[in-house]
$ cat final-v6.pdb   # PDB, C-alpha atoms, pLDDT in the B column
MODEL        1
ATOM      1  CA  MET A   1     -48.973 -64.168  18.493  1.00 53.00           C
ATOM      2  CA  SER A   2     -45.476 -62.780  18.239  1.00 59.00           C
ATOM      3  CA  ASN A   3     -43.389 -61.719  21.203  1.00 72.00           C
ATOM      4  CA  LYS A   4     -41.939 -58.607  19.575  1.00 76.00           C
ATOM      5  CA  PRO A   5     -41.482 -55.784  22.033  1.00 76.00           C
ATOM      6  CA  SER A   6     -43.718 -52.839  21.357  1.00 79.00           C
ATOM      7  CA  PRO A   7     -41.996 -49.656  20.205  1.00 83.00           C
ATOM      8  CA  PRO A   8     -41.552 -47.021  22.876  1.00 83.00           C
ATOM      9  CA  SER A   9     -44.267 -44.427  23.067  1.00 87.00           C
ATOM     10  CA  ASP A  10     -43.690 -40.776  22.358  1.00 88.00           C
ATOM     11  CA  THR A  11     -43.831 -39.941  26.058  1.00 91.00           C
ATOM     12  CA  GLU A  12     -41.155 -42.577  26.845  1.00 89.00           C
ATOM     13  CA  ILE A  13     -38.899 -41.187  24.126  1.00 91.00           C
ATOM     14  CA  ALA A  14     -39.463 -37.636  25.365  1.00 90.00           C
ATOM     15  CA  THR A  15     -38.645 -38.665  28.946  1.00 92.00           C
ATOM     16  CA  HIS A  16     -35.459 -40.417  27.810  1.00 88.00           C
ATOM     17  CA  LEU A  17     -34.380 -37.395  25.715  1.00 88.00           C
ATOM     18  CA  ASP A  18     -35.098 -35.059  28.646  1.00 89.00           C
ATOM     19  CA  GLY A  19     -32.803 -37.177  30.819  1.00 89.00           C
ATOM     20  CA  LEU A  20     -30.022 -37.078  28.208  1.00 86.00           C
ATOM     21  CA  ALA A  21     -30.402 -33.325  27.786  1.00 88.00           C
ATOM     22  CA  SER A  22     -30.207 -32.665  31.527  1.00 88.00           C
ATOM     23  CA  ASP A  23     -27.055 -34.836  31.866  1.00 85.00           C
ATOM     24  CA  TYR A  24     -25.278 -33.241  28.883  1.00 81.00           C
ATOM     25  CA  GLN A  25     -22.115 -31.292  29.745  1.00 77.00           C
ATOM     26  CA  HIS A  26     -20.868 -29.006  26.971  1.00 68.00           C
ATOM     27  CA  ASN A  27     -17.270 -27.843  26.860  1.00 66.00           C
ATOM     28  CA  PRO A  28     -17.353 -24.487  25.024  1.00 62.00           C
ATOM     29  CA  ILE A  29     -13.632 -24.637  24.261  1.00 67.00           C
ATOM     30  CA  GLN A  30     -13.353 -28.286  23.302  1.00 70.00           C
ATOM     31  CA  HIS A  31     -10.487 -27.676  20.911  1.00 70.00           C
ATOM     32  CA  VAL A  32      -8.139 -27.049  23.871  1.00 81.00           C
ATOM     33  CA  ILE A  33      -7.794 -30.830  24.178  1.00 87.00           C
ATOM     34  CA  LEU A  34      -5.709 -30.588  21.003  1.00 92.00           C
ATOM     35  CA  ASN A  35      -3.141 -28.182  22.494  1.00 92.00           C
ATOM     36  CA  PRO A  36      -0.720 -30.974  23.546  1.00 93.00           C
ATOM     37  CA  PHE A  37      -0.678 -32.115  19.904  1.00 94.00           C
ATOM     38  CA  LYS A  38      -0.559 -28.638  18.356  1.00 94.00           C
ATOM     39  CA  ASN A  39       2.792 -28.990  16.585  1.00 95.00           C
ATOM     40  CA  SER A  40       1.921 -32.341  15.003  1.00 95.00           C
ATOM     41  CA  ILE A  41      -1.551 -31.237  13.911  1.00 96.00           C
ATOM     42  CA  LEU A  42      -0.353 -27.983  12.394  1.00 96.00           C
ATOM     43  CA  THR A  43       2.553 -29.704  10.642  1.00 96.00           C
ATOM     44  CA  LEU A  44       0.151 -32.222   9.104  1.00 96.00           C
ATOM     45  CA  ARG A  45      -2.122 -29.396   7.967  1.00 96.00           C
ATOM     46  CA  ALA A  46       0.851 -27.450   6.580  1.00 95.00           C
ATOM     47  CA  LYS A  47       1.641 -30.534   4.506  1.00 95.00           C
ATOM     48  CA  TYR A  48      -1.924 -30.355   3.139  1.00 95.00           C
ATOM     49  CA  ALA A  49      -3.361 -33.238   5.183  1.00 96.00           C
ATOM     50  CA  THR A  50      -7.155 -33.022   5.166  1.00 96.00           C
ATOM     51  CA  TYR A  51      -9.142 -32.464   8.346  1.00 96.00           C
ATOM     52  CA  GLU A  52     -10.547 -35.956   7.897  1.00 97.00           C
ATOM     53  CA  THR A  53      -7.048 -37.461   7.724  1.00 97.00           C
ATOM     54  CA  ILE A  54      -5.881 -35.569  10.818  1.00 96.00           C
ATOM     55  CA  THR A  55      -9.017 -36.618  12.717  1.00 96.00           C
ATOM     56  CA  SER A  56      -8.466 -40.228  11.730  1.00 96.00           C
ATOM     57  CA  ILE A  57      -4.828 -40.146  12.867  1.00 96.00           C
ATOM     58  CA  LEU A  58      -5.804 -38.631  16.220  1.00 95.00           C
ATOM     59  CA  ASN A  59      -8.668 -41.081  16.783  1.00 94.00           C
ATOM     60  CA  ASN A  60      -6.416 -44.043  15.920  1.00 96.00           C
ATOM     61  CA  ASN A  61      -3.961 -42.831  18.551  1.00 95.00           C
ATOM     62  CA  GLY A  62      -6.495 -42.488  21.350  1.00 91.00           C
ATOM     63  CA  VAL A  63      -7.463 -38.820  20.996  1.00 90.00           C
ATOM     64  CA  LYS A  64     -11.233 -38.841  20.490  1.00 90.00           C
ATOM     65  CA  VAL A  65     -12.056 -35.715  18.530  1.00 91.00           C
ATOM     66  CA  SER A  66     -14.397 -34.708  15.728  1.00 92.00           C
ATOM     67  CA  GLU A  67     -13.459 -33.371  12.336  1.00 94.00           C
ATOM     68  CA  ALA A  68     -15.209 -30.083  13.161  1.00 93.00           C
ATOM     69  CA  THR A  69     -13.003 -29.651  16.237  1.00 92.00           C
ATOM     70  CA  VAL A  70      -9.848 -30.252  14.190  1.00 94.00           C
ATOM     71  CA  ARG A  71     -11.073 -27.802  11.554  1.00 95.00           C
ATOM     72  CA  LYS A  72     -11.752 -25.111  14.155  1.00 92.00           C
ATOM     73  CA  PHE A  73      -8.380 -25.716  15.812  1.00 93.00           C
ATOM     74  CA  CYS A  74      -6.514 -25.433  12.496  1.00 94.00           C
ATOM     75  CA  ARG A  75      -8.400 -22.309  11.477  1.00 94.00           C
ATOM     76  CA  THR A  76      -7.642 -20.733  14.845  1.00 92.00           C
ATOM     77  CA  HIS A  77      -3.931 -21.293  14.118  1.00 94.00           C
ATOM     78  CA  LEU A  78      -4.097 -20.490  10.404  1.00 95.00           C
ATOM     79  CA  GLN A  79      -1.221 -17.988  10.462  1.00 96.00           C
ATOM     80  CA  GLU A  80       1.066 -20.578  12.021  1.00 96.00           C
ATOM     81  CA  VAL A  81       0.030 -23.148   9.395  1.00 96.00           C
ATOM     82  CA  LYS A  82       0.930 -20.640   6.667  1.00 96.00           C
ATOM     83  CA  ARG A  83       4.312 -19.984   8.316  1.00 96.00           C
ATOM     84  CA  LEU A  84       4.985 -23.720   8.557  1.00 95.00           C
ATOM     85  CA  ARG A  85       4.104 -24.169   4.881  1.00 95.00           C
ATOM     86  CA  THR A  86       6.579 -21.454   3.954  1.00 95.00           C
ATOM     87  CA  ASP A  87       9.273 -23.103   6.083  1.00 95.00           C
ATOM     88  CA  ILE A  88       8.574 -26.548   4.617  1.00 94.00           C
ATOM     89  CA  ASP A  89       8.717 -25.182   1.057  1.00 93.00           C
ATOM     90  CA  ARG A  90      11.959 -23.323   1.793  1.00 94.00           C
ATOM     91  CA  LYS A  91      13.597 -26.421   3.300  1.00 93.00           C
ATOM     92  CA  ARG A  92      12.456 -28.519   0.351  1.00 91.00           C
ATOM     93  CA  ARG A  93      14.007 -26.059  -2.089  1.00 91.00           C
ATOM     94  CA  GLU A  94      17.258 -26.020  -0.083  1.00 92.00           C
ATOM     95  CA  THR A  95      17.513 -29.806  -0.091  1.00 90.00           C
ATOM     96  CA  GLU A  96      16.927 -29.893  -3.842  1.00 87.00           C
ATOM     97  CA  GLY A  97      19.887 -27.545  -4.174  1.00 77.00           C
ATOM     98  CA  GLY A  98      18.856 -26.272  -7.563  1.00 58.00           C
ATOM     99  CA  THR A  99      19.599 -29.678  -9.143  1.00 54.00           C
ATOM    100  CA  GLY A 100      15.953 -30.636  -9.223  1.00 50.00           C
ATOM    101  CA  PRO A 101      13.815 -30.395 -12.310  1.00 53.00           C
ATOM    102  CA  LYS A 102      13.255 -26.893 -13.539  1.00 54.00           C
ATOM    103  CA  PRO A 103       9.792 -25.707 -14.483  1.00 53.00           C
ATOM    104  CA  ALA A 104       9.039 -26.345 -18.129  1.00 52.00           C
ATOM    105  CA  SER A 105       9.492 -23.270 -20.246  1.00 48.00           C
ATOM    106  CA  LEU A 106       6.809 -22.296 -22.674  1.00 46.00           C
ATOM    107  CA  ASP A 107       7.951 -22.768 -26.258  1.00 49.00           C
ATOM    108  CA  LEU A 108       5.823 -20.402 -28.272  1.00 45.00           C
ATOM    109  CA  GLY A 109       6.923 -22.023 -31.517  1.00 46.00           C
ATOM    110  CA  ASP A 110       5.019 -25.209 -30.630  1.00 47.00           C
ATOM    111  CA  MET A 111       1.699 -23.467 -30.207  1.00 44.00           C
ATOM    112  CA  THR A 112      -1.035 -24.392 -32.621  1.00 48.00           C
ATOM    113  CA  GLY A 113      -3.845 -22.145 -33.638  1.00 46.00           C
ATOM    114  CA  PRO A 114      -4.179 -18.916 -35.527  1.00 47.00           C
ATOM    115  CA  THR A 115      -1.043 -16.899 -36.061  1.00 48.00           C
ATOM    116  CA  ASP A 116      -0.876 -13.130 -35.821  1.00 47.00           C
ATOM    117  CA  ALA A 117      -1.380 -12.892 -39.579  1.00 48.00           C
ATOM    118  CA  HIS A 118      -4.677 -14.784 -39.378  1.00 47.00           C
ATOM    119  CA  ARG A 119      -6.091 -12.852 -36.444  1.00 47.00           C
ATOM    120  CA  SER A 120      -8.379  -9.928 -37.041  1.00 48.00           C
ATOM    121  CA  SER A 121      -7.283  -6.461 -36.095  1.00 48.00           C
ATOM    122  CA  THR A 122      -9.813  -6.380 -33.271  1.00 48.00           C
ATOM    123  CA  THR A 123      -7.850  -8.963 -31.276  1.00 48.00           C
ATOM    124  CA  SER A 124      -4.879  -6.646 -30.990  1.00 51.00           C
ATOM    125  CA  ASP A 125      -7.010  -3.720 -29.866  1.00 54.00           C
ATOM    126  CA  THR A 126      -6.335  -3.687 -26.115  1.00 58.00           C
ATOM    127  CA  SER A 127      -8.541  -0.671 -25.476  1.00 65.00           C
ATOM    128  CA  LYS A 128     -11.744  -2.715 -25.713  1.00 66.00           C
ATOM    129  CA  PRO A 129     -13.130  -4.103 -22.472  1.00 70.00           C
ATOM    130  CA  GLY A 130     -13.800  -7.768 -21.893  1.00 66.00           C
ATOM    131  CA  PRO A 131     -11.815 -10.917 -22.496  1.00 70.00           C
ATOM    132  CA  LYS A 132      -9.726 -11.107 -25.613  1.00 68.00           C
ATOM    133  CA  ILE A 133     -11.303 -14.384 -26.690  1.00 69.00           C
ATOM    134  CA  ALA A 134     -14.705 -12.710 -26.871  1.00 64.00           C
ATOM    135  CA  ARG A 135     -13.360 -10.241 -29.445  1.00 63.00           C
ATOM    136  CA  GLU A 136     -11.919 -12.883 -31.782  1.00 66.00           C
ATOM    137  CA  ARG A 137     -13.736 -13.780 -34.942  1.00 67.00           C
ATOM    138  CA  LEU A 138     -14.200 -17.428 -35.757  1.00 64.00           C
TER     139      LEU A 138
ENDMDL
END
$ encode --input "final-v6.pdb" --output "structure tokens"
Amino acid sequence: MSNKPSPPSDTEIATHLDGLASDYQHNPIQHVILNPFKNSILTLRAKYATYETITSILNNNGVKVSEATVRKFCRTHLQEVKRLRTDIDRKRRETEGGTGPKPASLDLGDMTGPTDAHRSSTTSDTSKPGPKIARERL
């Protein structure tokens, strides 16, 4: 004979769950616990930190919060995140001072593929609906 404890019966599980349900206290505005950290959270999000990363940072620093709560908080303050992103981009451009790398220009001479002489006349007809590639003959 083994001395393994018997699994709880359905009625014991139901009684335990009923006790948990009656003791549960829901905070309908749980994301307000993030208000003291608003600036840091929104700055992280403006710098494209994921909700998972922000949640991890908060949890590691003693703020127990779920990813869903962080997501809801950031979406509530979405306009401020957008404003912060604009400010961050502007400051980055100012610090570069125009000496940073310029965007690569498109050199049309390096393109490979059919030239205008090899294309059919239907590709230049802009009055036809649909994408241009669908009108090209192969």
$ resolve_selection --input "final-v6.pdb" --expression "the PyMOL selection byres ((chain A and resi 70-76) around 7)" --output "ChimeraX atom specification"
/A:31,42,51,55,66-69,77-78
$ residues_around --input "final-v6.pdb" --residues "Ile33 in chain A" --least-positions-apart "3" --cutoff "9 Å" --atoms "all atoms listed in the file" --output "list in words"
Ile29, Gln30, Pro36, Phe37, Val63 and Val65 of chain A
$ write_last_selection --input "final-v6.pdb" --atoms "C-alpha atoms" --output "compact mmCIF listing (two decimals), in the coordinates of the input"
# COMPACT_ATOMS: atom_id res chain seq x y z
CA ILE A 29 -13.63 -24.64 24.26
CA GLN A 30 -13.35 -28.29 23.30
CA PRO A 36 -0.72 -30.97 23.55
CA PHE A 37 -0.68 -32.12 19.90
CA VAL A 63 -7.46 -38.82 21.00
CA VAL A 65 -12.06 -35.72 18.53
$ atom_distance --input "final-v6.pdb" --atom1 "CA of Tyr48 in chain A" --atom2 "CA of Arg83 in chain A"
13.2 Å
$ atom_distance --input "final-v6.pdb" --atom1 "CA of Gly97 in chain A" --atom2 "CA of Leu44 in chain A"
24.2 Å
$ closest_residue --input "final-v6.pdb" --among "A:Thr11, A:Ser6, A:Thr43, A:Asn60" --to "Asp87 in chain A" --atoms "all atoms listed in the file"
A:Thr43
$ atom_distance --input "final-v6.pdb" --atom1 "CA of Ser22 in chain A" --atom2 "CA of Asp10 in chain A"
18.2 Å
$ axis_aligned_box --input "final-v6.pdb" --around "range 43-54 of chain A" --padding-each-side "6 Å" --output "lines of an AutoDock Vina configuration file"
center_x = -4.0
center_y = -32.5
center_z = 7.0
size_x = 25.1
size_y = 22.0
size_z = 19.7
